[in-house]
Every structure is written in structure tokens, then in C-alpha cells.
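Below is the file entry.txt, which contains compact mmCIF, C-alpha atoms.
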```txt
# COMPACT_ATOMS: atom_id res chain seq x y z
CA MET T 253 -27.85 2.17 25.10
CA SER T 254 -28.34 5.25 22.95
CA SER T 255 -29.06 5.08 19.26
CA ASP T 256 -25.60 6.28 18.35
CA HIS T 257 -23.86 3.88 20.78
CA LEU T 258 -22.05 6.75 22.50
CA SER T 259 -21.33 5.82 26.11
CA ARG T 260 -19.50 8.78 27.59
CA ARG T 261 -16.68 11.26 27.07
CA THR T 262 -13.60 11.46 29.19
CA VAL T 263 -11.28 14.43 28.89
CA LEU T 264 -7.65 13.89 29.76
CA THR T 265 -5.10 16.56 30.47
CA ALA T 266 -1.44 15.48 30.45
CA GLY T 267 -2.64 11.89 30.66
CA ALA T 268 -4.83 12.36 33.76
CA ALA T 269 -8.62 12.15 33.79
CA VAL T 270 -10.20 15.40 34.89
CA ALA T 271 -13.85 15.03 33.86
CA LEU T 272 -16.41 12.33 33.19
CA THR T 273 -19.74 13.28 31.69
CA PRO T 274 -22.36 10.72 30.63
CA VAL T 275 -24.09 11.23 27.29
CA LEU T 276 -27.71 10.05 27.43
CA GLY T 277 -28.75 10.39 23.80
CA ARG T 278 -28.28 12.19 20.52
CA THR T 279 -28.74 15.94 20.78
CA ALA T 280 -28.20 18.83 18.40
CA ALA T 281 -24.65 19.09 19.68
CA SER T 282 -23.98 15.39 19.11
CA ALA T 283 -25.96 14.89 15.88
CA ASP T 284 -22.78 14.69 13.82
CA VAL T 285 -21.11 12.12 16.07
CA PRO T 286 -20.10 9.16 13.86
CA THR T 287 -21.38 5.69 14.66
CA TRP T 288 -20.02 2.18 14.17
CA GLN T 289 -22.25 0.11 11.91
CA ASP T 290 -22.33 -3.61 11.27
CA VAL T 291 -20.97 -4.86 7.93
CA PRO T 292 -22.46 -8.27 7.05
CA VAL T 293 -19.88 -11.07 6.81
CA SER T 294 -20.92 -14.24 4.95
CA LEU T 295 -17.77 -16.27 4.52
CA GLY T 296 -19.06 -19.73 5.45
CA ALA T 297 -19.77 -21.49 8.71
CA ASP T 298 -16.18 -22.74 8.93
CA VAL T 299 -14.70 -19.23 9.37
CA ALA T 300 -14.32 -18.56 13.11
CA SER T 301 -12.68 -15.13 13.16
CA LEU T 302 -11.06 -12.27 11.27
CA ASP T 303 -7.98 -11.01 13.09
CA ALA T 304 -5.79 -9.20 10.55
CA LEU T 305 -6.82 -6.36 8.25
CA ALA T 306 -5.17 -4.53 5.35
CA LEU T 307 -6.97 -1.93 3.23
CA VAL T 308 -5.02 -0.63 0.24
CA ASP T 309 -7.62 1.67 -1.39
CA ARG T 310 -11.35 2.42 -1.33
CA HIS T 311 -12.26 -0.69 -3.26
CA TRP T 312 -9.70 -3.27 -2.22
CA GLY T 313 -8.60 -4.88 1.02
CA TRP T 314 -7.97 -8.19 2.74
CA ALA T 315 -8.75 -9.71 6.11
CA GLY T 316 -7.12 -12.83 7.48
CA GLY T 317 -8.56 -15.12 10.10
CA GLU T 318 -9.01 -18.66 11.33
CA LEU T 319 -11.07 -21.68 10.39
CA ALA T 320 -12.59 -23.84 13.09
CA GLY T 321 -11.71 -27.50 13.55
CA THR T 322 -9.31 -28.00 10.62
CA ALA T 323 -5.62 -28.81 10.38
CA TYR T 324 -5.05 -26.01 7.88
CA ASN T 325 -6.92 -23.38 9.75
CA LEU T 326 -6.19 -20.07 8.04
CA ALA T 327 -8.81 -18.14 6.10
CA LEU T 328 -8.58 -15.08 3.86
CA ALA T 329 -11.30 -12.66 2.77
CA ARG T 330 -11.31 -9.80 0.25
CA TRP T 331 -13.13 -6.47 0.52
CA ASN T 332 -14.37 -4.85 -2.72
CA GLY T 333 -15.66 -1.64 -1.15
CA ARG T 334 -19.14 -3.10 -0.58
CA ALA T 335 -18.88 -6.65 0.77
CA TRP T 336 -16.53 -9.37 2.02
CA SER T 337 -15.95 -12.62 0.09
CA ARG T 338 -13.64 -15.62 0.45
CA PHE T 339 -10.27 -15.32 -1.25
CA PRO T 340 -8.23 -18.39 -2.29
CA ILE T 341 -5.32 -19.28 -0.06
CA PRO T 342 -2.31 -21.54 -0.71
CA GLU T 343 -2.46 -25.09 0.59
CA PRO T 344 -1.20 -26.39 2.86
CA PHE T 345 -1.20 -23.28 5.01
CA GLY T 346 -1.66 -23.96 8.70
CA GLY T 347 -0.94 -22.38 12.02
CA GLY T 348 -2.66 -20.84 15.00
CA GLY T 349 -3.55 -17.63 13.20
CA VAL T 350 -2.31 -15.39 10.43
CA VAL T 351 -0.15 -12.30 10.27
CA MET T 352 -0.67 -10.31 7.09
CA ALA T 353 0.49 -7.14 5.37
CA ALA T 354 -0.25 -5.52 2.01
CA ALA T 355 1.37 -2.69 0.06
CA ASP T 356 -1.18 -2.59 -2.78
CA ARG T 357 -3.34 -4.93 -4.85
CA ARG T 358 -0.28 -6.75 -6.19
CA HIS T 359 1.72 -7.08 -3.00
CA LEU T 360 0.26 -9.18 -0.18
CA TRP T 361 2.23 -11.22 2.33
CA LEU T 362 0.85 -13.97 4.57
CA MET T 363 2.58 -15.83 7.38
CA GLY T 364 1.07 -18.58 9.52
CA TYR T 365 1.53 -17.85 13.20
CA GLY T 366 3.34 -20.74 14.84
CA THR T 367 4.58 -22.10 11.50
CA TYR T 368 7.53 -21.48 9.24
CA TYR T 369 5.54 -20.87 6.07
CA SER T 370 5.10 -17.61 4.19
CA ALA T 371 3.34 -16.79 0.92
CA PHE T 372 3.31 -13.80 -1.42
CA TRP T 373 0.46 -12.72 -3.74
CA ASP T 374 1.66 -10.83 -6.84
CA GLY T 375 -1.76 -9.85 -8.14
CA SER T 376 -2.38 -13.01 -10.13
CA ALA T 377 -0.86 -15.96 -8.26
CA TRP T 378 0.55 -17.13 -4.94
CA HIS T 379 4.25 -17.86 -4.46
CA GLU T 380 6.04 -19.39 -1.53
CA ALA T 381 8.03 -16.63 0.18
CA GLU T 382 11.23 -18.17 1.42
CA ILE T 383 12.18 -17.43 5.03
CA PRO T 384 15.85 -17.75 6.09
CA ARG T 385 16.27 -21.28 7.37
CA ASP T 386 19.07 -20.43 9.79
CA PRO T 387 17.82 -17.50 11.85
CA GLY T 388 19.55 -18.70 15.01
CA PHE T 389 16.67 -20.73 16.41
CA SER T 390 16.86 -24.12 18.07
CA PHE T 391 14.36 -26.80 17.08
CA PRO T 392 11.85 -28.06 17.98
CA VAL T 393 10.39 -24.86 19.42
CA GLU T 394 7.29 -22.73 19.03
CA VAL T 395 8.87 -20.59 16.37
CA GLY T 396 7.17 -18.48 13.79
CA PRO T 397 6.12 -15.06 12.52
CA TYR T 398 4.99 -12.70 15.23
CA SER T 399 4.48 -9.45 13.36
CA ILE T 400 4.56 -8.25 9.75
CA SER T 401 4.11 -4.83 8.16
CA ALA T 402 4.31 -3.30 4.69
CA ALA T 403 4.26 0.19 3.18
CA ARG T 404 2.85 1.61 -0.04
CA ASP T 405 6.38 1.83 -1.51
CA GLY T 406 6.64 -1.99 -1.35
CA THR T 407 8.83 -2.14 1.76
CA ALA T 408 7.95 -5.09 3.98
CA TRP T 409 9.41 -6.29 7.29
CA ALA T 410 8.58 -9.15 9.63
CA VAL T 411 9.67 -10.33 13.06
CA LEU T 412 10.04 -14.03 13.87
CA VAL T 413 10.03 -15.07 17.52
CA ASP T 414 11.16 -18.20 19.34
CA VAL T 415 8.87 -17.89 22.36
CA VAL T 416 10.48 -20.83 24.16
CA ASN T 417 14.06 -19.60 24.12
CA ASP T 418 13.38 -15.84 23.98
CA ARG T 419 15.07 -15.34 20.61
CA TYR T 420 14.03 -13.42 17.52
CA ALA T 421 14.93 -12.57 13.95
CA ALA T 422 14.01 -9.44 11.97
CA VAL T 423 13.63 -10.00 8.23
CA ARG T 424 13.06 -7.68 5.27
CA TRP T 425 11.57 -8.45 1.83
CA GLU T 426 14.38 -8.35 -0.74
CA ASP T 427 14.31 -9.70 -4.31
CA GLY T 428 11.37 -12.04 -3.76
CA ALA T 429 12.49 -13.52 -0.45
CA TRP T 430 12.94 -12.66 3.20
CA ALA T 431 16.45 -11.64 4.25
CA ARG T 432 17.61 -11.33 7.82
CA VAL T 433 18.47 -7.80 9.00
CA PRO T 434 20.50 -6.93 12.12
CA VAL T 435 18.66 -4.72 14.62
CA PRO T 436 20.30 -3.15 17.72
CA VAL T 437 17.91 -4.65 20.26
CA PRO T 438 18.95 -4.05 23.91
CA ASP T 439 20.91 -6.74 25.73
CA ARG T 440 18.70 -9.56 26.97
CA GLY T 441 16.01 -8.26 24.64
CA VAL T 442 13.55 -9.74 22.15
CA ALA T 443 11.98 -7.87 19.23
CA GLN T 444 8.25 -8.55 18.82
CA ARG T 445 6.50 -5.87 16.75
CA VAL T 446 7.34 -4.12 13.51
CA ALA T 447 5.53 -1.24 11.79
CA VAL T 448 6.52 0.18 8.40
CA ARG T 449 5.44 3.44 6.75
CA SER T 450 8.23 3.56 4.14
CA SER T 451 11.76 2.31 3.57
CA ARG T 452 12.91 5.28 5.68
CA ASP T 453 10.34 5.01 8.44
CA VAL T 454 10.42 1.67 10.28
CA TRP T 455 9.60 0.97 13.93
CA ILE T 456 10.48 -2.12 15.97
CA SER T 457 9.46 -2.74 19.56
CA GLY T 458 9.82 -5.50 22.11
CA TRP T 459 11.09 -6.12 25.61
CA TYR T 460 14.29 -6.72 27.53
CA ARG T 461 14.98 -8.10 30.99
CA GLY T 462 15.20 -5.46 33.71
CA GLY T 463 17.32 -5.68 36.83
CA SER T 464 14.63 -7.59 38.72
CA GLY T 465 14.06 -9.93 35.76
CA ASN T 466 10.79 -8.32 34.64
CA ARG T 467 10.08 -7.37 31.04
CA MET T 468 10.80 -3.74 30.17
CA PRO T 469 9.45 -2.25 26.91
CA PHE T 470 11.70 -0.69 24.27
CA SER T 471 11.24 0.83 20.81
CA LEU T 472 13.60 1.58 17.92
CA HIS T 473 13.12 3.87 14.92
CA TRP T 474 14.85 3.54 11.53
CA ASP T 475 15.05 6.77 9.49
CA GLY T 476 16.77 5.29 6.44
CA ARG T 477 20.26 5.88 7.81
CA SER T 478 20.43 4.59 11.37
CA TRP T 479 18.46 3.17 14.29
CA THR T 480 17.52 5.43 17.20
CA GLY T 481 16.09 4.34 20.51
CA VAL T 482 12.86 6.06 21.52
CA ALA T 483 12.45 5.77 25.27
CA VAL T 484 9.43 4.10 26.88
CA SER T 485 9.03 4.83 30.59
CA PRO T 486 9.49 1.77 32.83
CA PRO T 487 6.53 0.14 34.62
CA ASP T 488 5.41 1.69 37.90
CA GLN T 489 5.63 -1.59 39.81
CA PRO T 490 9.12 -3.10 40.32
CA ARG T 491 8.18 -6.58 39.15
CA GLU T 492 5.52 -5.67 36.62
CA GLY T 493 6.33 -6.64 33.04
CA GLN T 494 5.01 -4.48 30.23
CA THR T 495 5.18 -4.80 26.46
CA ILE T 496 4.11 -2.72 23.48
CA LYS T 497 1.16 -4.49 21.87
CA HIS T 498 0.87 -2.38 18.73
CA LEU T 499 2.78 0.24 16.72
CA PHE T 500 1.38 2.56 14.08
CA PRO T 501 3.42 5.26 12.27
CA VAL T 502 1.32 7.96 10.58
CA SER T 503 3.92 10.41 9.26
CA ARG T 504 7.55 11.38 9.70
CA SER T 505 6.57 13.27 12.83
CA LEU T 506 3.70 11.21 14.25
CA ALA T 507 3.42 7.63 15.48
CA TRP T 508 1.13 5.83 17.93
CA ALA T 509 1.64 2.78 20.11
CA TYR T 510 -0.23 0.90 22.81
CA ARG T 511 1.22 -0.89 25.80
CA SER T 512 -0.15 -2.79 28.78
CA TRP T 513 0.89 -5.19 31.50
CA ASP T 514 2.08 -8.55 30.19
CA ALA T 515 -0.13 -10.84 32.23
CA MET T 516 -3.36 -8.82 32.46
CA PRO T 517 -4.90 -6.00 30.39
CA THR T 518 -4.19 -3.43 33.11
CA ARG T 519 -2.22 -0.18 33.19
CA ARG T 520 -3.30 0.40 29.60
CA THR T 521 -1.46 3.28 28.00
CA LEU T 522 -1.65 5.00 24.63
CA LEU T 523 1.73 6.30 23.44
CA ARG T 524 2.24 9.20 21.03
CA TRP T 525 5.50 10.17 19.33
CA THR T 526 5.82 13.59 17.71
CA GLY T 527 9.58 13.56 17.26
CA GLY T 528 12.33 13.44 19.83
CA ASP T 529 13.72 10.63 21.93
CA SER T 530 10.69 9.55 24.00
CA TRP T 531 6.97 8.75 23.86
CA GLN T 532 4.19 10.78 25.45
CA GLU T 533 1.81 8.74 27.60
CA PHE T 534 -2.01 8.88 27.84
CA PRO T 535 -3.67 6.30 30.14
CA LEU T 536 -6.85 4.79 28.73
CA PRO T 537 -10.06 5.72 30.60
CA ASP T 538 -11.66 2.92 32.58
CA ASP T 539 -14.70 2.92 30.31
CA VAL T 540 -12.70 1.97 27.22
CA PRO T 541 -13.50 -1.76 26.88
CA TYR T 542 -10.73 -4.35 27.13
CA THR T 543 -8.42 -3.95 24.17
CA GLY T 544 -5.63 -5.91 22.56
CA GLY T 545 -4.27 -2.73 21.10
CA ALA T 546 -5.68 -2.57 17.56
CA LEU T 547 -4.96 0.97 16.33
CA ALA T 548 -5.89 3.10 13.32
CA ASP T 549 -5.39 6.80 12.68
CA ASP T 550 -8.51 8.90 12.11
CA GLY T 551 -7.06 11.06 9.31
CA ARG T 552 -7.20 14.17 11.51
CA GLY T 553 -4.27 13.69 13.88
CA GLY T 554 -6.12 11.38 16.24
CA VAL T 555 -6.32 7.63 16.71
CA TRP T 556 -8.90 4.87 17.22
CA ILE T 557 -8.31 1.89 19.49
CA GLY T 558 -10.59 -1.16 19.36
CA GLY T 559 -11.81 -3.24 22.28
CA GLY T 560 -14.25 -5.94 23.26
CA ASP T 561 -17.18 -6.44 25.59
CA TYR T 562 -20.39 -8.40 26.03
CA GLY T 563 -23.31 -7.08 24.02
CA SER T 564 -21.16 -5.03 21.65
CA SER T 565 -17.64 -4.11 20.69
CA GLY T 566 -16.18 -0.88 22.04
CA TYR T 567 -13.85 1.83 20.77
CA GLY T 568 -11.80 4.61 22.24
CA HIS T 569 -11.03 7.70 20.17
CA PHE T 570 -8.20 10.03 21.22
CA ARG T 571 -7.70 13.47 19.69
CA ASP T 572 -6.52 16.86 20.95
CA GLY T 573 -5.94 15.50 24.45
CA GLY T 574 -9.46 14.09 24.89
CA TRP T 575 -11.07 10.67 24.79
CA THR T 576 -14.44 9.69 23.30
CA VAL T 577 -15.82 6.21 23.94
CA LEU T 578 -18.19 4.65 21.39
CA ARG T 579 -19.99 1.32 21.41
CA GLY T 580 -20.33 -0.85 18.36
CA PRO T 581 -23.66 -2.21 17.05
CA SER T 582 -25.79 -3.98 19.66
CA ARG T 583 -25.51 -7.77 19.80
CA GLN T 584 -26.89 -10.46 22.10
CA SER T 585 -26.07 -9.80 25.75
CA ASP T 586 -24.27 -13.17 26.08
CA GLU T 587 -22.16 -12.57 22.96
CA ARG T 588 -18.70 -11.11 23.36
CA ALA T 589 -17.42 -9.04 20.41
CA ASP T 590 -13.65 -8.46 20.35
CA VAL T 591 -12.00 -6.15 17.84
CA MET T 592 -8.84 -7.79 16.49
CA SER T 593 -7.71 -5.28 13.85
CA LEU T 594 -8.47 -1.76 12.65
CA ALA T 595 -7.59 0.12 9.45
CA ARG T 596 -8.57 3.42 7.88
CA VAL T 597 -9.63 3.37 4.24
CA PRO T 598 -6.90 5.33 2.41
CA GLY T 599 -7.99 8.78 1.33
CA THR T 600 -11.05 8.80 3.60
CA ARG T 601 -11.98 9.05 7.27
CA THR T 602 -13.81 5.73 7.15
CA VAL T 603 -12.39 3.16 9.55
CA MET T 604 -12.99 -0.59 9.28
CA ALA T 605 -12.79 -3.08 12.15
CA VAL T 606 -12.75 -6.88 12.10
CA GLY T 607 -12.88 -9.32 14.94
CA GLN T 608 -14.50 -12.29 16.60
CA ILE T 609 -17.80 -12.94 18.37
CA THR T 610 -17.74 -15.62 21.05
CA CYS T 611 -20.88 -17.18 22.57
CA ARG T 612 -21.84 -20.29 24.49
CA ASP T 613 -22.69 -23.38 22.43
CA THR T 614 -23.53 -26.59 24.28
CA GLY T 615 -23.29 -28.53 21.03
CA ASN T 616 -19.62 -27.63 20.61
CA PRO T 617 -17.01 -29.76 22.46
CA SER T 618 -15.36 -26.59 23.72
CA GLY T 619 -18.67 -25.22 24.98
CA TYR T 620 -18.27 -22.11 22.81
CA ALA T 621 -18.85 -21.06 19.22
CA LYS T 622 -17.04 -18.33 17.31
CA ARG T 623 -17.85 -16.32 14.23
CA PRO T 624 -16.29 -13.29 12.52
CA PHE T 625 -17.67 -9.78 12.37
CA ALA T 626 -16.85 -6.53 10.62
CA GLU T 627 -17.87 -2.98 11.54
CA ARG T 628 -17.42 0.33 9.82
CA LEU T 629 -17.31 3.86 11.19
CA HIS T 630 -19.54 6.39 9.41
```

The structure given in the file should be rewritten as C-alpha cells.
Amino acid sequence: MSSDHLSRRTVLTAGAAVALTPVLGRTAASADVPTWQDVPVSLGADVASLDALALVDRHWGWAGGELAGTAYNLALARWNGRAWSRFPIPEPFGGGGVVMAAADRRHLWLMGYGTYYSAFWDGSAWHEAEIPRDPGFSFPVEVGPYSISAARDGTAWAVLVDVVNDRYAAVRWEDGAWARVPVPVPDRGVAQRVAVRSSRDVWISGWYRGGSGNRMPFSLHWDGRSWTGVAVSPPDQPREGQTIKHLFPVSRSLAWAYRSWDAMPTRRTLLRWTGGDSWQEFPLPDDVPYTGGALADDGRGGVWIGGGDYGSSGYGHFRDGGWTVLRGPSRQSDERADVMSLARVPGTRTVMAVGQITCRDTGNPSGYAKRPFAERLH
């Protein structure tokens, strides 16, 4: 592995790979290539992962994750521009993970995945954030927040999903509580993801049942007046189900998304919207490590996507029709580092990543141990 963790560059034209050139080390031409560097995380031995990230300015951000082996297993950390530290969290606050969004230092929303609890931080204290108690779900089911997003103007949306009965509810933050909002999802469809840039720039994606019963992806865009469908091409295989794993609006004329096959991380595709009624497609190169779809813009019209591998994390960078693949800091060969969330520091080109390292541990009943990590692009 080279000192700058650069693995290779793949150039794509119209979404098709046309060249693959290995890079063996740093040269004069590559001396300015940025590298991903480790950011020490000392949050306590009970923190197993960081899987949600929100950066609101150069000196303030949050990351949410999980605790290991506890009933109330959510953790929260704060970034001060230099280091991560534990941040108090309401109790009880449980669930199988956390979805989180922040507008600024005084507006932070937390929801426990798989629970029906939400909390709001106003800059000085936590408050329970009431969720509509009659969203059309049947109980008992695995019901809970699936996605949440907020913008700098204070707009916040969330999507709740009943994964047992294939039902959903979209909610918007209004007057200190969540209020249900109707969304024109296709027939036999379920909303899953929401991404907010402002009150007049909201994206929702999900899936609907196709003619053969497979899951077909869809996306909707709110411009402040009405919803418009933005077409996603159907899967190549008749019975292959695909969903959009992540959405990220950058401006009124640019948005990114990532989709892949439902069951396996195959047929991985980056989507770009530059206006109009459909997405452009760019297949990920094979050398981009497995990814769950964490996205962040690079501040120059491109996008980063985070992935995982043994020995280091991995990242794909797409800009001007070309891909660059970078490796994260070297770790033990038997340690798997998976990027869970990415965010660019506002006003800079610095990008932060958080995630989870998994390794074998014979002393653990599960046979594995987990710990969080953070990396920063310089």
C-alpha cells in the first residue's frame, strides 16, 4: 500500500469504464492528492460504533452510534473541531441504532431506530419530540424511524417505516413536534429515505412493487409548491429488487443518490441529478470497496462515497466523469473498517467519516468485538 493510500484511478465515460491504471506511489503529479487520516476516538470501551454524522460548522458537530451489551444502547459524541467527546443523551433512549439530523448548534434531532422515541436538543436541554401516535401502523410491529434529515433553515423531515406490513409515514417538524405530511408515493410503494436542503428542496425515495413483485426504486422532489417524480431506471434483471440507499441534495440544480440491489451489494450505481425528470447513472468501479451508500459532496461539484474492507476503509471519489479510489489509514489485516456516514465540514473541502471496526474476539460471546473510528480527508 502506498503512503498516500491511493489504490488506482478508473475513468468512466457515460457510466462505462474505459481505463484502469494502477498508481504505485506518490509522484510529482500526485503529490497534491489528498489522503484520509485517522482521527483518534476515545469515547469509552462501551461505544461500539458511530453510524450517523452531522457537522454544522468548523467547530461543532455530532455523531451518533451504538453501545455494546446494554438495553439502552444509543451513544452520542460531539466534535469541537479538534477531538470527539461523549455528549449526554436522554434516558431511557434505546433501539437498534440512531438516526440523527442537525440544522445548527441549537437544533438537533435524535430518533432510536426500531423504537417510537424521538428527542430534540435546543442548545441547552433535551426535550421529548412527540411523534404522531396514529400514523396508520398496526401493532406490535417493527416500527420506527428509518431516515431523518434537516437543513440550515431549520426544516426537518423524517420517514417512519413499518417493515413488517410495508407501510410508512412521512413527518415534518412543526411547532415543536412531528406532524404527518401526505406524500404522493406510487401505488404499492413505501417511502424510506428523506433528504432536506431547505423548505423548498426536499427529496424522498423508496420502492414500489413492480409487475413481477420485485422492488422498483422511485424518487420524489418537493420544490416548495408541488411534488415531482424523478425517474430511476428499472433494474436490469426482471426479478431483481433495487432501492436507493442514500440521497444528498447539494443545490437547486444538483443532487446525488446511491442505489444497489436489495439483497446483495451488487449493481452499485451512483445517481446524479442536474435538473429534469430523471437521474444520470454512473456504475461504481469494481475496486471501490463495499459501500452502504454514505455520501458527501466535495465542495467542487463532485461526491465522495464511503466503503469498507479488511485492513482499511475505502472511498470512491467521482468528479467530472472520472473515479478516484482512495484507501483509508492502514489497520490490522484482520480488522474490517466500514464507513457508516460522511459529511463535509461547511465552508471547507474537509470531509469527515465515521464508522465501525469489526475484529475477532474469542472472549466475546458473539466471537467479535466492535469499536468506532473516525477519519478525515486532508

List as a list of chain:residue names the residues having at least one atom at most 12 Å from position (12.6, -11.3, -1.0) as given in the file, counting all atoms listed in the file.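 Nearby residues: T:His359, T:Trp361, T:Ser370, T:Ala371, T:Phe372, T:His379, T:Glu380, T:Ala381, T:Glu382, T:Ile383, T:Pro384, T:Gly406, T:Thr407, T:Ala408, T:Trp409, T:Ala410, T:Val423, T:Arg424, T:Trp425, T:Glu426, T:Asp427, T:Gly428, T:Ala429, T:Trp430, T:Ala431, T:Arg432.
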
Using C-alpha atoms, can you write the selected residues to a file as a short mmCIF file (atom, residue, chain, number, x, y, z; two decimals), in the frame of the given file?
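Ended up saving to part-v1.cif:
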```cif
data_model
loop_
_atom_site.label_atom_id
_atom_site.label_comp_id
_atom_site.auth_asym_id
_atom_site.auth_seq_id
_atom_site.Cartn_x
_atom_site.Cartn_y
_atom_site.Cartn_z
CA HIS T 359 1.72 -7.08 -3.00
CA TRP T 361 2.23 -11.22 2.33
CA SER T 370 5.10 -17.61 4.19
CA ALA T 371 3.34 -16.79 0.92
CA PHE T 372 3.31 -13.80 -1.42
CA HIS T 379 4.25 -17.86 -4.46
CA GLU T 380 6.04 -19.39 -1.53
CA ALA T 381 8.03 -16.63 0.18
CA GLU T 382 11.23 -18.17 1.42
CA ILE T 383 12.18 -17.43 5.03
CA PRO T 384 15.85 -17.75 6.09
CA GLY T 406 6.64 -1.99 -1.35
CA THR T 407 8.83 -2.14 1.76
CA ALA T 408 7.95 -5.09 3.98
CA TRP T 409 9.41 -6.29 7.29
CA ALA T 410 8.58 -9.15 9.63
CA VAL T 423 13.63 -10.00 8.23
CA ARG T 424 13.06 -7.68 5.27
CA TRP T 425 11.57 -8.45 1.83
CA GLU T 426 14.38 -8.35 -0.74
CA ASP T 427 14.31 -9.70 -4.31
CA GLY T 428 11.37 -12.04 -3.76
CA ALA T 429 12.49 -13.52 -0.45
CA TRP T 430 12.94 -12.66 3.20
CA ALA T 431 16.45 -11.64 4.25
CA ARG T 432 17.61 -11.33 7.82
#
```

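Applying the 8 Å criterion to (-11.4, 8.4, 14.8) in file coordinates and using all atoms listed in the file, one obtains the residues Ala548, Asp549, Asp550, Gly551, Arg552, Gly554, Val555, Trp556, His569, Phe570, Arg571, Arg601 and Val603 of chain T.
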
For segment 306-319 of chain T, please output as a short mmCIF file (atom, residue, chain, number, x, y, z; two decimals) with C-alpha atoms, in the frame of the given file all residues within 7 Å (counting all atoms listed in the file; exclusion window: fewer than 3 positions along the same chain).
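Saved result, around-v4.cif, follows:
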```
data_model
loop_
_atom_site.label_atom_id
_atom_site.label_comp_id
_atom_site.auth_asym_id
_atom_site.auth_seq_id
_atom_site.Cartn_x
_atom_site.Cartn_y
_atom_site.Cartn_z
CA ASP T 298 -16.18 -22.74 8.93
CA VAL T 299 -14.70 -19.23 9.37
CA ALA T 300 -14.32 -18.56 13.11
CA SER T 301 -12.68 -15.13 13.16
CA LEU T 302 -11.06 -12.27 11.27
CA ASP T 303 -7.98 -11.01 13.09
CA THR T 322 -9.31 -28.00 10.62
CA ASN T 325 -6.92 -23.38 9.75
CA LEU T 326 -6.19 -20.07 8.04
CA ALA T 327 -8.81 -18.14 6.10
CA LEU T 328 -8.58 -15.08 3.86
CA ALA T 329 -11.30 -12.66 2.77
CA ARG T 330 -11.31 -9.80 0.25
CA TRP T 331 -13.13 -6.47 0.52
CA ASN T 332 -14.37 -4.85 -2.72
CA GLY T 333 -15.66 -1.64 -1.15
CA GLY T 349 -3.55 -17.63 13.20
CA VAL T 350 -2.31 -15.39 10.43
CA MET T 352 -0.67 -10.31 7.09
CA ALA T 353 0.49 -7.14 5.37
CA ALA T 354 -0.25 -5.52 2.01
CA ALA T 355 1.37 -2.69 0.06
CA ASP T 356 -1.18 -2.59 -2.78
CA ARG T 357 -3.34 -4.93 -4.85
CA ALA T 595 -7.59 0.12 9.45
CA VAL T 597 -9.63 3.37 4.24
CA PRO T 598 -6.90 5.33 2.41
#
```

Shell of 9 Å around Gly481 of chain T, only C-alpha atoms, local chain residues under 6 positions omitted, as a PyMOL selection string: chain T and resi 470-473+529-530

Nearest residue to Gly566 of chain T out of T:Pro535, T:Gly528, T:Gly458, T:Gly607, using all atoms listed in the file?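 Of T:Pro535, T:Gly528, T:Gly458, T:Gly607, the one nearest Gly566 of chain T is T:Gly607, counting all atoms listed in the file.
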
From T:Leu536, T:Ala403, T:Met592, T:Leu360, residue lying nearest Asp453 of chain T [all atoms listed in the file]: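 The closest residue to Asp453 of chain T is T:Ala403.
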
Residue among T:Lys497, T:Arg358, T:Arg520, T:Arg504 lying closest to Ser451 of chain T, counting all atoms listed in the file: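 Once distances to Ser451 of chain T are computed over all atoms listed in the file, the minimum belongs to T:Arg504.
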
Kindly give the distance, in Å, that separates atom CA of Leu305 of chain T and atom CA of Val351 of chain T, rounded to a single decimal.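 Computing it gives 9.2 Å between the two atoms.
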
Of the candidates T:Asp538, T:Asp374, T:Asp561, T:Asp572, which shows the shortest atom-to-atom distance to Asp590 of chain T, using only C-alpha atoms?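 Of T:Asp538, T:Asp374, T:Asp561, T:Asp572, the one nearest Asp590 of chain T is T:Asp561, counting only C-alpha atoms.
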
Once 5 Å is added on each side, what centre and edge lengths in Å to one decimal does the axis-aligned box around all listed atoms of segment 433-451 of chain T have, as JSON?
```
{"center_x": 13.2, "center_y": -3.1, "center_z": 15.3, "size_x": 25.5, "size_y": 23.3, "size_z": 33.4}
```

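What separates atom CA of Asp539 of chain T from atom CA of Thr600 of chain T is a distance of 27.6 Å.
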
What does the distance from atom CA of Thr526 of chain T to atom CA of Ser505 of chain T come to in Å, to one decimal?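 Result for atom CA of Thr526 of chain T versus atom CA of Ser505 of chain T: 4.9 Å, one decimal.
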
For Ser503 of chain T, which residue among T:Gly544, T:Pro486, T:Gly462, T:Gly553 is the nearest when counting only C-alpha atoms? T:Gly553

Find the residues near Ser564 of chain T: any atom within 6 Å, counting all atoms listed in the file, skip ones fewer than 2 places away on the same chain, and give them as a VMD selection string. chain T and resid 561 to 562 580 to 583 589

Proximity to Gln444 of chain T - best of T:Arg524, T:His498, T:Arg404, T:Arg579, only C-alpha atoms: T:His498

Which neighbours of Arg511 of chain T fall inside 7 Å, counting all atoms listed in the file, when residues of the same chain fewer than 2 positions from it are skipped, and could you give them as a list of chain:residue names?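 Non-adjacent residues within range: T:Gln494, T:Thr495, T:Ile496, T:Lys497, T:Ala509, T:Arg520, T:Thr521, T:Leu522.
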